[in-house]
file coords-v4.txt (compact mmCIF, C-alpha atoms (C1' of nucleotides))
# COMPACT_ATOMS: atom_id res chain seq x y z
CA MET F 1 0.00 0.00 0.00
CA SER F 2 2.66 2.42 1.06
CA ARG F 3 4.15 2.73 -2.37
CA ARG F 4 7.36 0.92 -1.61
CA LYS F 5 9.33 -0.16 -4.58
CA ILE F 6 8.48 -3.46 -6.09
CA TYR F 7 10.99 -5.80 -7.55
CA THR F 8 9.37 -6.25 -10.90
CA ASP F 9 10.82 -5.05 -14.13
CA ARG F 10 8.18 -2.40 -14.11
CA MET F 11 6.86 -0.44 -11.25
CA PRO F 12 3.15 -0.56 -10.90
CA SER F 13 3.66 1.87 -13.70
CA ARG F 14 0.21 1.03 -14.84
CA SER F 15 -2.44 1.68 -12.29
CA GLY F 16 -5.53 -0.41 -11.94
CA ALA F 17 -7.49 2.29 -13.67
CA ASP F 18 -5.12 2.13 -16.62
CA LEU F 19 -5.69 -1.58 -16.83
CA ALA F 20 -9.40 -0.95 -17.11
CA LEU F 21 -8.82 1.53 -19.90
CA LEU F 22 -6.57 -0.90 -21.69
CA LEU F 23 -9.22 -3.60 -21.61
CA LEU F 24 -11.94 -1.24 -22.70
CA GLY F 25 -9.81 0.36 -25.36
CA SER F 26 -8.83 -2.97 -26.82
CA TYR F 27 -12.43 -4.06 -26.92
CA ARG F 28 -13.45 -0.87 -28.60
CA ASN F 29 -10.73 -1.03 -31.19
CA LEU F 30 -11.63 -4.58 -32.01
CA VAL F 31 -15.34 -4.03 -32.26
CA ASP F 32 -15.08 -0.70 -34.03
CA GLU F 33 -12.94 -2.23 -36.68
CA VAL F 34 -15.42 -5.02 -37.22
CA VAL F 35 -18.36 -2.65 -37.42
CA ARG F 36 -16.50 -0.36 -39.77
CA GLU F 37 -15.56 -3.21 -42.06
CA LEU F 38 -19.09 -4.55 -41.90
CA ALA F 39 -20.33 -1.17 -43.06
CA ARG F 40 -17.85 -1.25 -45.91
CA ARG F 41 -19.15 -4.64 -46.97
CA GLY F 42 -22.73 -3.61 -47.24
CA PHE F 43 -24.13 -3.68 -43.72
CA PRO F 44 -24.07 -0.01 -42.91
CA ASP F 45 -26.29 0.20 -39.88
CA VAL F 46 -25.30 -2.75 -37.74
CA ARG F 47 -24.63 -2.34 -34.06
CA PRO F 48 -22.70 -4.80 -31.97
CA SER F 49 -25.88 -5.58 -30.09
CA HIS F 50 -27.47 -6.77 -33.30
CA GLU F 51 -24.84 -9.40 -33.72
CA TYR F 52 -25.17 -10.58 -30.17
CA ALA F 53 -28.92 -10.74 -30.51
CA LEU F 54 -28.71 -12.69 -33.76
CA GLN F 55 -26.37 -15.15 -32.15
CA ALA F 56 -28.75 -15.64 -29.27
CA ILE F 57 -31.62 -16.11 -31.69
CA GLN F 58 -29.69 -18.64 -33.69
CA ALA F 59 -28.86 -20.42 -30.46
CA GLY F 60 -32.54 -20.92 -29.91
CA ALA F 61 -33.92 -17.79 -28.31
CA ASP F 62 -36.56 -17.46 -30.97
CA ASN F 63 -39.07 -15.22 -29.24
CA ALA F 64 -38.94 -11.98 -27.30
CA SER F 65 -39.13 -13.50 -23.84
CA ALA F 66 -36.47 -16.10 -24.54
CA LEU F 67 -34.24 -13.51 -26.15
CA GLY F 68 -34.65 -11.30 -23.14
CA ARG F 69 -33.63 -14.10 -20.82
CA SER F 70 -30.73 -15.03 -23.01
CA LEU F 71 -29.47 -11.47 -23.14
CA SER F 72 -30.42 -10.69 -19.53
CA ILE F 73 -32.59 -7.81 -20.54
CA THR F 74 -36.32 -7.38 -20.12
CA LYS F 75 -38.57 -8.92 -22.68
CA GLN F 76 -39.73 -5.44 -23.62
CA ALA F 77 -36.19 -4.44 -24.49
CA ALA F 78 -35.77 -7.69 -26.37
CA ALA F 79 -38.92 -6.94 -28.31
CA LYS F 80 -37.48 -3.56 -29.28
CA THR F 81 -34.33 -5.25 -30.47
CA ILE F 82 -36.34 -7.68 -32.53
CA ALA F 83 -38.24 -4.77 -34.00
CA ALA F 84 -34.98 -3.12 -34.98
CA LEU F 85 -33.72 -6.34 -36.54
CA THR F 86 -36.98 -6.74 -38.39
CA GLU F 87 -36.77 -3.21 -39.73
CA ARG F 88 -33.36 -3.97 -41.17
CA ASP F 89 -34.59 -7.25 -42.59
CA TYR F 90 -32.29 -9.40 -40.51
CA VAL F 91 -35.17 -11.36 -39.01
CA THR F 92 -38.82 -11.97 -39.60
CA THR F 93 -41.47 -13.12 -37.17
CA THR F 94 -44.30 -15.52 -37.77
CA ALA F 95 -46.94 -16.83 -35.47
CA SER F 96 -45.90 -20.03 -33.79
CA PRO F 97 -47.99 -22.98 -34.94
CA VAL F 98 -47.70 -24.65 -31.59
CA ASP F 99 -48.33 -21.77 -29.22
CA ALA F 100 -50.59 -18.92 -30.21
CA ARG F 101 -48.95 -16.52 -27.77
CA ARG F 102 -45.50 -16.90 -29.23
CA LYS F 103 -44.21 -14.98 -32.17
CA GLN F 104 -41.43 -17.00 -33.62
CA VAL F 105 -38.39 -15.16 -34.88
CA GLN F 106 -36.52 -16.42 -37.93
CA ILE F 107 -33.24 -15.16 -39.21
CA THR F 108 -33.48 -14.10 -42.83
CA GLU F 109 -30.95 -14.85 -45.53
CA HIS F 110 -29.77 -11.29 -45.15
CA GLY F 111 -29.33 -11.87 -41.43
CA LEU F 112 -27.38 -15.03 -42.03
CA ALA F 113 -25.16 -13.18 -44.47
CA LEU F 114 -24.52 -10.58 -41.82
CA MET F 115 -23.58 -13.21 -39.29
CA ARG F 116 -21.22 -14.89 -41.74
CA GLU F 117 -19.50 -11.65 -42.64
CA GLY F 118 -19.34 -10.58 -39.03
CA ALA F 119 -17.73 -13.79 -37.87
CA ALA F 120 -15.27 -13.71 -40.75
CA ILE F 121 -14.23 -10.15 -40.04
CA PHE F 122 -13.88 -10.85 -36.35
CA ASP F 123 -11.60 -13.72 -37.15
CA GLU F 124 -9.62 -11.64 -39.60
CA VAL F 125 -8.99 -8.98 -37.03
CA ARG F 126 -8.11 -11.61 -34.49
CA ALA F 127 -5.62 -13.11 -36.94
CA ARG F 128 -4.04 -9.72 -37.38
CA TRP F 129 -3.71 -9.39 -33.64
CA GLU F 130 -2.15 -12.80 -33.44
CA GLN F 131 0.35 -11.86 -36.10
CA ARG F 132 1.19 -8.73 -34.22
CA LEU F 133 1.81 -10.49 -30.93
CA GLY F 134 3.61 -13.49 -32.24
CA PRO F 135 2.61 -17.14 -32.32
CA GLY F 136 0.91 -18.48 -29.26
CA GLU F 137 0.84 -15.13 -27.55
CA LEU F 138 -2.77 -14.36 -28.31
CA ALA F 139 -3.90 -17.72 -27.04
CA ARG F 140 -1.96 -17.03 -23.89
CA LEU F 141 -3.56 -13.65 -23.50
CA GLU F 142 -6.98 -15.14 -24.04
CA ALA F 143 -6.34 -17.82 -21.49
CA GLN F 144 -5.30 -15.21 -18.98
CA LEU F 145 -8.33 -13.05 -19.61
CA ALA F 146 -10.51 -16.11 -19.37
CA GLN F 147 -9.41 -16.48 -15.79
CA PHE F 148 -10.97 -13.18 -14.95
CA VAL F 149 -14.22 -13.55 -16.74
CA ALA F 150 -14.52 -16.96 -15.18
CA VAL F 151 -14.02 -15.69 -11.66
CA SER F 152 -17.58 -14.61 -11.35
CA PRO F 153 -19.70 -16.70 -13.66
CA ILE F 154 -20.65 -13.61 -15.59
CA ARG F 155 -23.29 -14.08 -18.20
CA LEU F 156 -21.24 -13.06 -21.17
CA ASP F 157 -24.27 -13.63 -23.22
CA ALA F 158 -25.53 -10.47 -21.66
CA PRO F 159 -24.03 -7.47 -23.28
CA GLY F 160 -26.32 -4.53 -22.89
CA TRP F 161 -23.22 -2.64 -22.09
CA ALA F 162 -21.76 -3.87 -25.36
CA ALA F 163 -24.35 -2.07 -27.36
CA GLN F 164 -22.68 1.27 -27.45
CA GLU F 165 -22.52 3.67 -30.26
CA LEU F 166 -19.36 4.15 -32.18
CA GLY F 167 -17.34 7.30 -31.85
CA MET U 1 -11.12 -19.98 -43.74
CA SER U 2 -11.90 -23.58 -44.51
CA ARG U 3 -11.50 -24.77 -41.00
CA ARG U 4 -8.35 -26.77 -41.59
CA LYS U 5 -6.45 -27.77 -38.51
CA ILE U 6 -3.90 -25.34 -37.23
CA TYR U 7 -0.69 -26.36 -35.60
CA THR U 8 -1.08 -24.42 -32.41
CA ASP U 9 -1.68 -25.99 -29.08
CA ARG U 10 -5.19 -24.75 -29.39
CA MET U 11 -7.34 -24.59 -32.41
CA PRO U 12 -8.66 -21.17 -33.13
CA SER U 13 -10.86 -22.46 -30.40
CA ARG U 14 -11.56 -18.90 -29.55
CA SER U 15 -13.12 -16.93 -32.31
CA GLY U 16 -12.61 -13.26 -32.79
CA ALA U 17 -16.00 -12.65 -31.27
CA ASP U 18 -14.96 -14.59 -28.19
CA LEU U 19 -11.93 -12.40 -27.88
CA ALA U 20 -14.17 -9.36 -27.84
CA LEU U 21 -16.27 -10.88 -25.12
CA LEU U 22 -13.20 -11.73 -23.10
CA LEU U 23 -11.97 -8.17 -23.25
CA LEU U 24 -15.34 -6.75 -22.43
CA GLY U 25 -15.98 -9.27 -19.69
CA SER U 26 -12.65 -8.60 -18.05
CA TYR U 27 -13.29 -4.89 -18.12
CA ARG U 28 -16.69 -5.34 -16.63
CA ASN U 29 -15.49 -7.63 -13.90
CA LEU U 30 -12.76 -5.20 -12.98
CA VAL U 31 -14.94 -2.12 -12.96
CA ASP U 32 -17.90 -3.80 -11.33
CA GLU U 33 -15.73 -4.93 -8.50
CA VAL U 34 -14.39 -1.45 -7.98
CA VAL U 35 -17.83 0.12 -8.05
CA ARG U 36 -19.19 -2.51 -5.70
CA GLU U 37 -16.37 -1.98 -3.25
CA LEU U 38 -16.74 1.77 -3.55
CA ALA U 39 -20.37 1.38 -2.59
CA ARG U 40 -19.36 -0.71 0.39
CA ARG U 41 -16.99 2.00 1.50
CA GLY U 42 -19.53 4.75 1.53
CA PHE U 43 -19.87 5.92 -2.06
CA PRO U 44 -23.06 4.19 -3.03
CA ASP U 45 -24.06 5.98 -6.18
CA VAL U 46 -20.85 6.33 -8.13
CA ARG U 47 -20.67 5.47 -11.79
CA PRO U 48 -17.49 4.78 -13.64
CA SER U 49 -18.11 7.91 -15.67
CA HIS U 50 -17.96 9.96 -12.51
CA GLU U 51 -14.44 8.82 -11.86
CA TYR U 52 -13.36 9.54 -15.38
CA ALA U 53 -14.92 12.97 -15.24
CA LEU U 54 -13.28 13.75 -11.90
CA GLN U 55 -9.93 12.73 -13.29
CA ALA U 56 -10.39 15.01 -16.26
CA ILE U 57 -11.43 17.85 -13.99
CA GLN U 58 -8.44 17.32 -11.80
CA ALA U 59 -6.28 17.29 -14.89
CA GLY U 60 -7.43 20.79 -15.62
CA ALA U 61 -10.77 20.55 -17.43
CA ASP U 62 -12.41 22.85 -14.93
CA ASN U 63 -15.43 24.02 -16.86
CA ALA U 64 -18.14 22.40 -18.92
CA SER U 65 -16.67 23.14 -22.32
CA ALA U 66 -13.20 21.97 -21.40
CA LEU U 67 -14.59 18.86 -19.76
CA GLY U 68 -16.55 18.13 -22.88
CA ARG U 69 -13.48 18.44 -25.04
CA SER U 70 -11.46 16.34 -22.68
CA LEU U 71 -14.06 13.59 -22.60
CA SER U 72 -14.97 13.97 -26.28
CA ILE U 73 -18.58 14.62 -25.50
CA THR U 74 -20.61 17.72 -26.12
CA LYS U 75 -20.41 20.50 -23.62
CA GLN U 76 -24.11 19.99 -22.91
CA ALA U 77 -23.45 16.42 -21.88
CA ALA U 78 -20.49 17.57 -19.85
CA ALA U 79 -22.70 20.10 -18.12
CA LYS U 80 -25.10 17.31 -17.21
CA THR U 81 -22.25 15.31 -15.78
CA ILE U 82 -21.11 18.28 -13.74
CA ALA U 83 -24.66 18.69 -12.50
CA ALA U 84 -24.70 15.06 -11.42
CA LEU U 85 -21.36 15.42 -9.66
CA THR U 86 -22.60 18.57 -7.97
CA GLU U 87 -25.73 16.83 -6.78
CA ARG U 88 -23.60 14.20 -5.13
CA ASP U 89 -21.31 16.82 -3.65
CA TYR U 90 -18.23 15.66 -5.50
CA VAL U 91 -17.68 19.07 -7.07
CA THR U 92 -18.84 22.63 -6.65
CA THR U 93 -18.86 25.42 -9.17
CA THR U 94 -18.03 29.06 -8.62
CA ALA U 95 -17.93 31.94 -11.03
CA SER U 96 -14.54 32.41 -12.54
CA PRO U 97 -12.96 35.66 -11.42
CA VAL U 98 -11.12 36.07 -14.68
CA ASP U 99 -13.84 35.23 -17.20
CA ALA U 100 -17.45 35.98 -16.39
CA ARG U 101 -18.72 33.32 -18.79
CA ARG U 102 -16.87 30.49 -17.16
CA LYS U 103 -18.15 28.56 -14.20
CA GLN U 104 -15.17 27.05 -12.57
CA VAL U 105 -15.50 23.55 -11.22
CA GLN U 106 -13.71 22.53 -8.03
CA ILE U 107 -13.46 19.08 -6.62
CA THR U 108 -14.73 18.94 -3.07
CA GLU U 109 -13.09 17.12 -0.20
CA HIS U 110 -15.70 14.41 -0.67
CA GLY U 111 -14.76 14.20 -4.31
CA LEU U 112 -11.10 13.91 -3.48
CA ALA U 113 -11.90 11.17 -1.00
CA LEU U 114 -13.77 9.31 -3.72
CA MET U 115 -10.85 9.59 -6.06
CA ARG U 116 -8.43 8.33 -3.43
CA GLU U 117 -10.62 5.36 -2.56
CA GLY U 118 -11.28 4.62 -6.20
CA ALA U 119 -7.62 4.59 -7.13
CA ALA U 120 -6.77 2.46 -4.12
CA ILE U 121 -9.43 -0.10 -4.91
CA PHE U 122 -8.45 -0.22 -8.54
CA ASP U 123 -4.90 -0.94 -7.51
CA GLU U 124 -6.01 -3.56 -5.03
CA VAL U 125 -7.95 -5.40 -7.65
CA ARG U 126 -5.05 -5.10 -10.05
CA ALA U 127 -2.76 -6.54 -7.42
CA ARG U 128 -5.11 -9.47 -6.99
CA TRP U 129 -5.05 -10.06 -10.73
CA GLU U 130 -1.29 -9.92 -10.70
CA GLN U 131 -1.15 -12.49 -7.95
CA ARG U 132 -3.47 -14.71 -9.89
CA LEU U 133 -1.43 -14.58 -13.07
CA GLY U 134 2.00 -14.80 -11.53
CA PRO U 135 4.80 -12.27 -11.39
CA GLY U 136 5.41 -10.25 -14.49
CA GLU U 137 2.48 -11.74 -16.31
CA LEU U 138 0.14 -8.85 -15.79
CA ALA U 139 2.71 -6.36 -17.01
CA ARG U 140 3.14 -8.52 -20.05
CA LEU U 141 -0.57 -8.62 -20.66
CA GLU U 142 -0.81 -4.89 -20.27
CA ALA U 143 2.02 -4.33 -22.68
CA GLN U 144 0.30 -6.53 -25.20
CA LEU U 145 -3.00 -4.78 -24.85
CA ALA U 146 -1.25 -1.46 -25.10
CA GLN U 147 -0.20 -2.42 -28.60
CA PHE U 148 -3.81 -2.54 -29.64
CA VAL U 149 -5.03 0.60 -28.03
CA ALA U 150 -2.02 2.36 -29.46
CA VAL U 151 -2.76 1.24 -33.00
CA SER U 152 -5.28 3.96 -33.53
CA PRO U 153 -4.52 6.84 -31.23
CA ILE U 154 -7.81 6.30 -29.47
CA ARG U 155 -8.82 8.96 -27.05
CA LEU U 156 -9.01 6.80 -23.98
CA ASP U 157 -10.01 9.83 -22.12
CA ALA U 158 -13.31 9.47 -23.87
CA PRO U 159 -15.42 6.87 -22.23
CA GLY U 160 -19.05 7.46 -22.91
CA TRP U 161 -19.20 3.83 -23.52
CA ALA U 162 -17.62 3.33 -20.13
CA ALA U 163 -20.51 4.86 -18.37
CA GLN U 164 -22.69 1.85 -18.28
CA GLU U 165 -24.92 0.69 -15.56
CA LEU U 166 -24.03 -2.27 -13.44
CA GLY U 167 -25.87 -5.54 -13.81
C1' DC C 1 -63.33 -30.40 -17.66
C1' DC C 2 -62.40 -26.46 -15.34
C1' DG C 3 -60.15 -22.88 -12.94
C1' DA C 4 -55.67 -20.97 -11.02
C1' DG C 5 -51.45 -19.60 -12.08
C1' DA C 6 -47.59 -18.98 -15.22
C1' DT C 7 -46.13 -17.22 -19.61
C1' DG C 8 -45.87 -14.34 -24.06
C1' DG C 9 -46.48 -10.05 -26.00
C1' DA C 10 -48.01 -5.19 -26.18
C1' DC C 11 -48.59 -0.49 -24.43
C1' DA C 12 -47.41 3.52 -21.67
C1' DA C 13 -44.48 6.11 -18.86
C1' DC C 14 -40.04 6.89 -17.44
C1' DC C 15 -34.79 7.29 -17.08
C1' DA C 16 -29.72 8.02 -18.27
C1' DG C 17 -26.65 9.69 -21.11
C1' DG C 18 -25.94 11.21 -24.97
C1' DT C 19 -27.11 14.34 -29.48
C1' DT C 20 -28.37 18.95 -32.36
C1' DG C 21 -29.74 23.44 -32.68
C1' DT C 22 -30.45 27.93 -30.87
C1' DC C 23 -29.64 31.64 -27.98
C1' DG C 24 -27.76 35.58 -25.08
C1' DA C 25 -23.93 37.12 -22.48
C1' DG C 26 -18.90 37.84 -22.27
C1' DT C 27 -14.39 38.15 -24.39
C1' DA C 28 -10.70 39.06 -27.76
C1' DA C 29 -8.77 40.92 -31.82
C1' DG C 30 -8.99 43.89 -35.82
C1' DC K 1 -16.50 49.73 -32.18
C1' DT K 2 -17.39 45.85 -34.68
C1' DT K 3 -16.84 41.19 -35.63
C1' DA K 4 -15.95 36.64 -34.55
C1' DC K 5 -15.47 33.29 -31.17
C1' DT K 6 -16.41 31.02 -26.70
C1' DC K 7 -19.23 29.76 -22.51
C1' DG K 8 -23.23 28.12 -20.54
C1' DA K 9 -28.15 27.34 -20.80
C1' DC K 10 -32.52 25.73 -22.79
C1' DA K 11 -35.39 22.76 -25.60
C1' DA K 12 -36.25 18.88 -28.31
C1' DC K 13 -34.90 14.54 -29.56
C1' DC K 14 -32.64 9.59 -29.86
C1' DT K 15 -31.25 4.99 -28.03
C1' DG K 16 -31.48 1.35 -25.24
C1' DG K 17 -32.79 0.22 -21.50
C1' DT K 18 -36.34 0.12 -17.17
C1' DT K 19 -41.16 -0.70 -14.43
C1' DG K 20 -45.79 -1.47 -14.27
C1' DT K 21 -50.08 -2.91 -16.23
C1' DC K 22 -52.90 -5.49 -19.14
C1' DC K 23 -54.85 -9.27 -21.97
C1' DA K 24 -54.56 -13.60 -24.45
C1' DT K 25 -53.02 -18.01 -24.15
C1' DC K 26 -51.14 -22.18 -22.33
C1' DT K 27 -50.50 -25.81 -18.51
C1' DC K 28 -51.42 -28.42 -14.83
C1' DG K 29 -53.78 -30.11 -10.56
C1' DG K 30 -57.98 -31.40 -8.79

call {"tool": "encode", "arguments": {"input": "coords-v4.txt", "output": "structure tokens"}}
result
Amino acid sequence: MSRRKIYTDRMPSRSGADLALLLLGSYRNLVDEVVRELARRGFPDVRPSHEYALQAIQAGADNASALGRSLSITKQAAAKTIAALTERDYVTTTASPVDARRKQVQITEHGLALMREGAAIFDEVRARWEQRLGPGELARLEAQLAQFVAVSPIRLDAPGWAAQELG
Amino acid sequence: MSRRKIYTDRMPSRSGADLALLLLGSYRNLVDEVVRELARRGFPDVRPSHEYALQAIQAGADNASALGRSLSITKQAAAKTIAALTERDYVTTTASPVDARRKQVQITEHGLALMREGAAIFDEVRARWEQRLGPGELARLEAQLAQFVAVSPIRLDAPGWAAQELG
DNA sequence: CCGAGATGGACAACCAGGTTGTCGAGTAAG
DNA sequence: CTTACTCGACAACCTGGTTGTCCATCTCGG
């Protein structure tokens, strides 16, 4: 606590707050690049949250309530998201044949194309990072980060906080 | 692309999207812990953005316009932030003696106490991470992340996207 | 077979943290 | 003195959430 010197190669030259900014900044850089590239490839108005929602839908959350649970947001918010996705023709909804309350969400071809492109771009950027760090280093970094997201069993499927606007 | 095996110890078992979630999740875990602990220590209604704003103010952005520039938000938004900080008694504003347009922002003793506690907790959590990873590993991780935030000279002083609610 | 309770979706009101646009007052430079 | 810029304030709006209420529908126990 009392600021005595530490025998590491670096002082605590980076404060805890800096660490937070590093994590956030890296995330932003990564996601921004993906969104930018997605725009360039014909998906101009995608938000990160759209991708997360589509993934959840594809994973089986095919109605507003389920999507809300999957994303840890209220079903009303999930319904809004579905509306936004519908507007952009990434999903369509049809009445469920089995349950008249449900409105079943389907991903359109356009939505599937978005998901494909998104995943590809993500992987491209990741590959560039890997190249930059050197072989094995990115996997190491990921393994280390994984320790911290695993500490509390955070629902990573729940990014409301990931749905931010770009700068 | 075609999913052929790669000669690393791990497959690209982690996709680019996973990497994003790891970064975001780590950030969230870190910040959530700090905010939670801050609440426990008598600052119940702090948001991450408050800390960032206070730091910018301390660094010299002592009026709404300057704070806005420093945080890369509009001065109107900055004024709202200052209002929020004032409400919570973290800052006070007085008329500038030198320029009658300016309203000079000062950090109160309570605000300074918050900043001290915040920094201390951040460093505590960072120390715990360091312990978890082993000596030198955290510095290494930070250095690696720094490469990616440095790529584009991102204004890390600009977290609007950092101002998210807790879960 | 029926009724109670859970579930799905919709609507309305609200909030936080941003945005734009406009404005008047104050300052600085010609 | 005039002109251009800056500061802060106000109003209206957007996004992505929230709560609370409501009705239609399903499910299950008796």

call {"tool": "interface_residues", "arguments": {"input": "coords-v4.txt", "of": "chain C", "to": "chain F", "cutoff": "9 Å", "atoms": "all atoms listed in the file", "output": "mmCIF file with C-alpha atoms (C1' of nucleotides), keeping the file's coordinate frame"}}
result
data_model
loop_
_atom_site.group_PDB
_atom_site.id
_atom_site.type_symbol
_atom_site.label_atom_id
_atom_site.label_comp_id
_atom_site.auth_asym_id
_atom_site.auth_seq_id
_atom_site.Cartn_x
_atom_site.Cartn_y
_atom_site.Cartn_z
ATOM 1 C "C1'" DT C 7 -46.130 -17.220 -19.610
ATOM 2 C "C1'" DG C 8 -45.870 -14.340 -24.060
ATOM 3 C "C1'" DG C 9 -46.480 -10.050 -26.000
ATOM 4 C "C1'" DA C 10 -48.010 -5.190 -26.180
#

call {"tool": "calpha_fit_rmsd", "arguments": {"input": "coords-v4.txt", "fixed": "chain U", "moving": "chain F"}}
result
0.3 Å

call {"tool": "atom_distance", "arguments": {"input": "coords-v4.txt", "atom1": "atom CA of F:Ala78", "atom2": "atom CA of F:Gln106"}}
result
14.5 Å

call {"tool": "closest_atom_pairs", "arguments": {"input": "coords-v4.txt", "of": "chain F", "to": "chain K", "cutoff": "9 Å", "atoms": "all atoms listed in the file", "output": "Markdown table"}}
result
| residue | atom | partner | partner_atom | distance |
| --- | --- | --- | --- | --- |
| F:Ile73 | CA | K:DG17 | C1' | 8.1 |
| F:Thr74 | CA | K:DT18 | C1' | 8.1 |
| F:Ala77 | CA | K:DG17 | C1' | 6.5 |
| F:Lys80 | CA | K:DG16 | C1' | 8.7 |
| F:Thr81 | CA | K:DG16 | C1' | 8.9 |
| F:Asp99 | CA | K:DC26 | C1' | 7.5 |
| F:Ala100 | CA | K:DT25 | C1' | 6.6 |
| F:Arg101 | CA | K:DT25 | C1' | 5.6 |
| F:Gly160 | CA | K:DG17 | C1' | 8.1 |
| F:Ala163 | CA | K:DG16 | C1' | 8.2 |

call {"tool": "atom_distance", "arguments": {"input": "coords-v4.txt", "atom1": "atom CA of F:Arg36", "atom2": "atom CA of U:Gly16"}}
result
15.2 Å

call {"tool": "atom_distance", "arguments": {"input": "coords-v4.txt", "atom1": "atom CA of F:Ser70", "atom2": "atom CA of U:Val34"}}
result
26.0 Å

call {"tool": "closest_residue", "arguments": {"input": "coords-v4.txt", "among": "U:Ser72, U:Gln58, U:Ser96, U:Gln131", "to": "chain F", "atoms": "only C-alpha atoms"}}
result
U:Ser72

call {"tool": "closest_residue", "arguments": {"input": "coords-v4.txt", "among": "F:Leu112, F:Ala139, F:Phe43, F:Asp123", "to": "chain U", "atoms": "all atoms listed in the file"}}
result
F:Asp123

call {"tool": "closest_residue", "arguments": {"input": "coords-v4.txt", "among": "F:Ala113, F:Ala20, F:Leu138, F:Ala39", "to": "chain U", "atoms": "only C-alpha atoms"}}
result
F:Ala20

call {"tool": "decode", "arguments": {"input": "coords-v4.txt", "residues": "stretch 83-98 of chain F", "atoms": "N, CA and C atoms", "output": "compact mmCIF listing (two decimals), in the first residue's frame"}}
result
# COMPACT_ATOMS: atom_id res chain seq x y z
N ALA F 83 -37.65 -5.73 -33.07
CA ALA F 83 -38.24 -4.77 -34.00
C ALA F 83 -37.16 -4.12 -34.86
N ALA F 84 -36.06 -3.75 -34.23
CA ALA F 84 -34.98 -3.12 -34.98
C ALA F 84 -34.41 -4.09 -36.00
N LEU F 85 -34.25 -5.34 -35.62
CA LEU F 85 -33.72 -6.34 -36.54
C LEU F 85 -34.69 -6.58 -37.69
N THR F 86 -35.97 -6.54 -37.36
CA THR F 86 -36.98 -6.74 -38.39
C THR F 86 -36.95 -5.59 -39.40
N GLU F 87 -36.86 -4.38 -38.87
CA GLU F 87 -36.77 -3.21 -39.73
C GLU F 87 -35.65 -3.34 -40.75
N ARG F 88 -34.53 -3.86 -40.30
CA ARG F 88 -33.36 -3.97 -41.17
C ARG F 88 -33.35 -5.28 -41.94
N ASP F 89 -34.43 -6.01 -41.84
CA ASP F 89 -34.59 -7.25 -42.59
C ASP F 89 -33.56 -8.32 -42.21
N TYR F 90 -33.18 -8.33 -40.97
CA TYR F 90 -32.29 -9.40 -40.51
C TYR F 90 -33.09 -10.57 -39.94
N VAL F 91 -34.29 -10.30 -39.51
CA VAL F 91 -35.17 -11.36 -39.01
C VAL F 91 -36.59 -11.09 -39.48
N THR F 92 -37.38 -12.13 -39.42
CA THR F 92 -38.82 -11.97 -39.60
C THR F 92 -39.50 -12.73 -38.47
N THR F 93 -40.74 -12.39 -38.21
CA THR F 93 -41.47 -13.12 -37.17
C THR F 93 -42.74 -13.69 -37.78
N THR F 94 -43.05 -14.89 -37.36
CA THR F 94 -44.30 -15.52 -37.77
C THR F 94 -44.96 -16.08 -36.53
N ALA F 95 -46.24 -16.26 -36.60
CA ALA F 95 -46.94 -16.83 -35.47
C ALA F 95 -46.48 -18.28 -35.29
N SER F 96 -46.29 -18.66 -34.07
CA SER F 96 -45.90 -20.03 -33.79
C SER F 96 -47.10 -20.95 -34.02
N PRO F 97 -46.87 -22.06 -34.71
CA PRO F 97 -47.99 -22.98 -34.94
C PRO F 97 -48.38 -23.70 -33.66
N VAL F 98 -47.45 -23.83 -32.76
CA VAL F 98 -47.70 -24.65 -31.59
C VAL F 98 -48.24 -23.85 -30.41
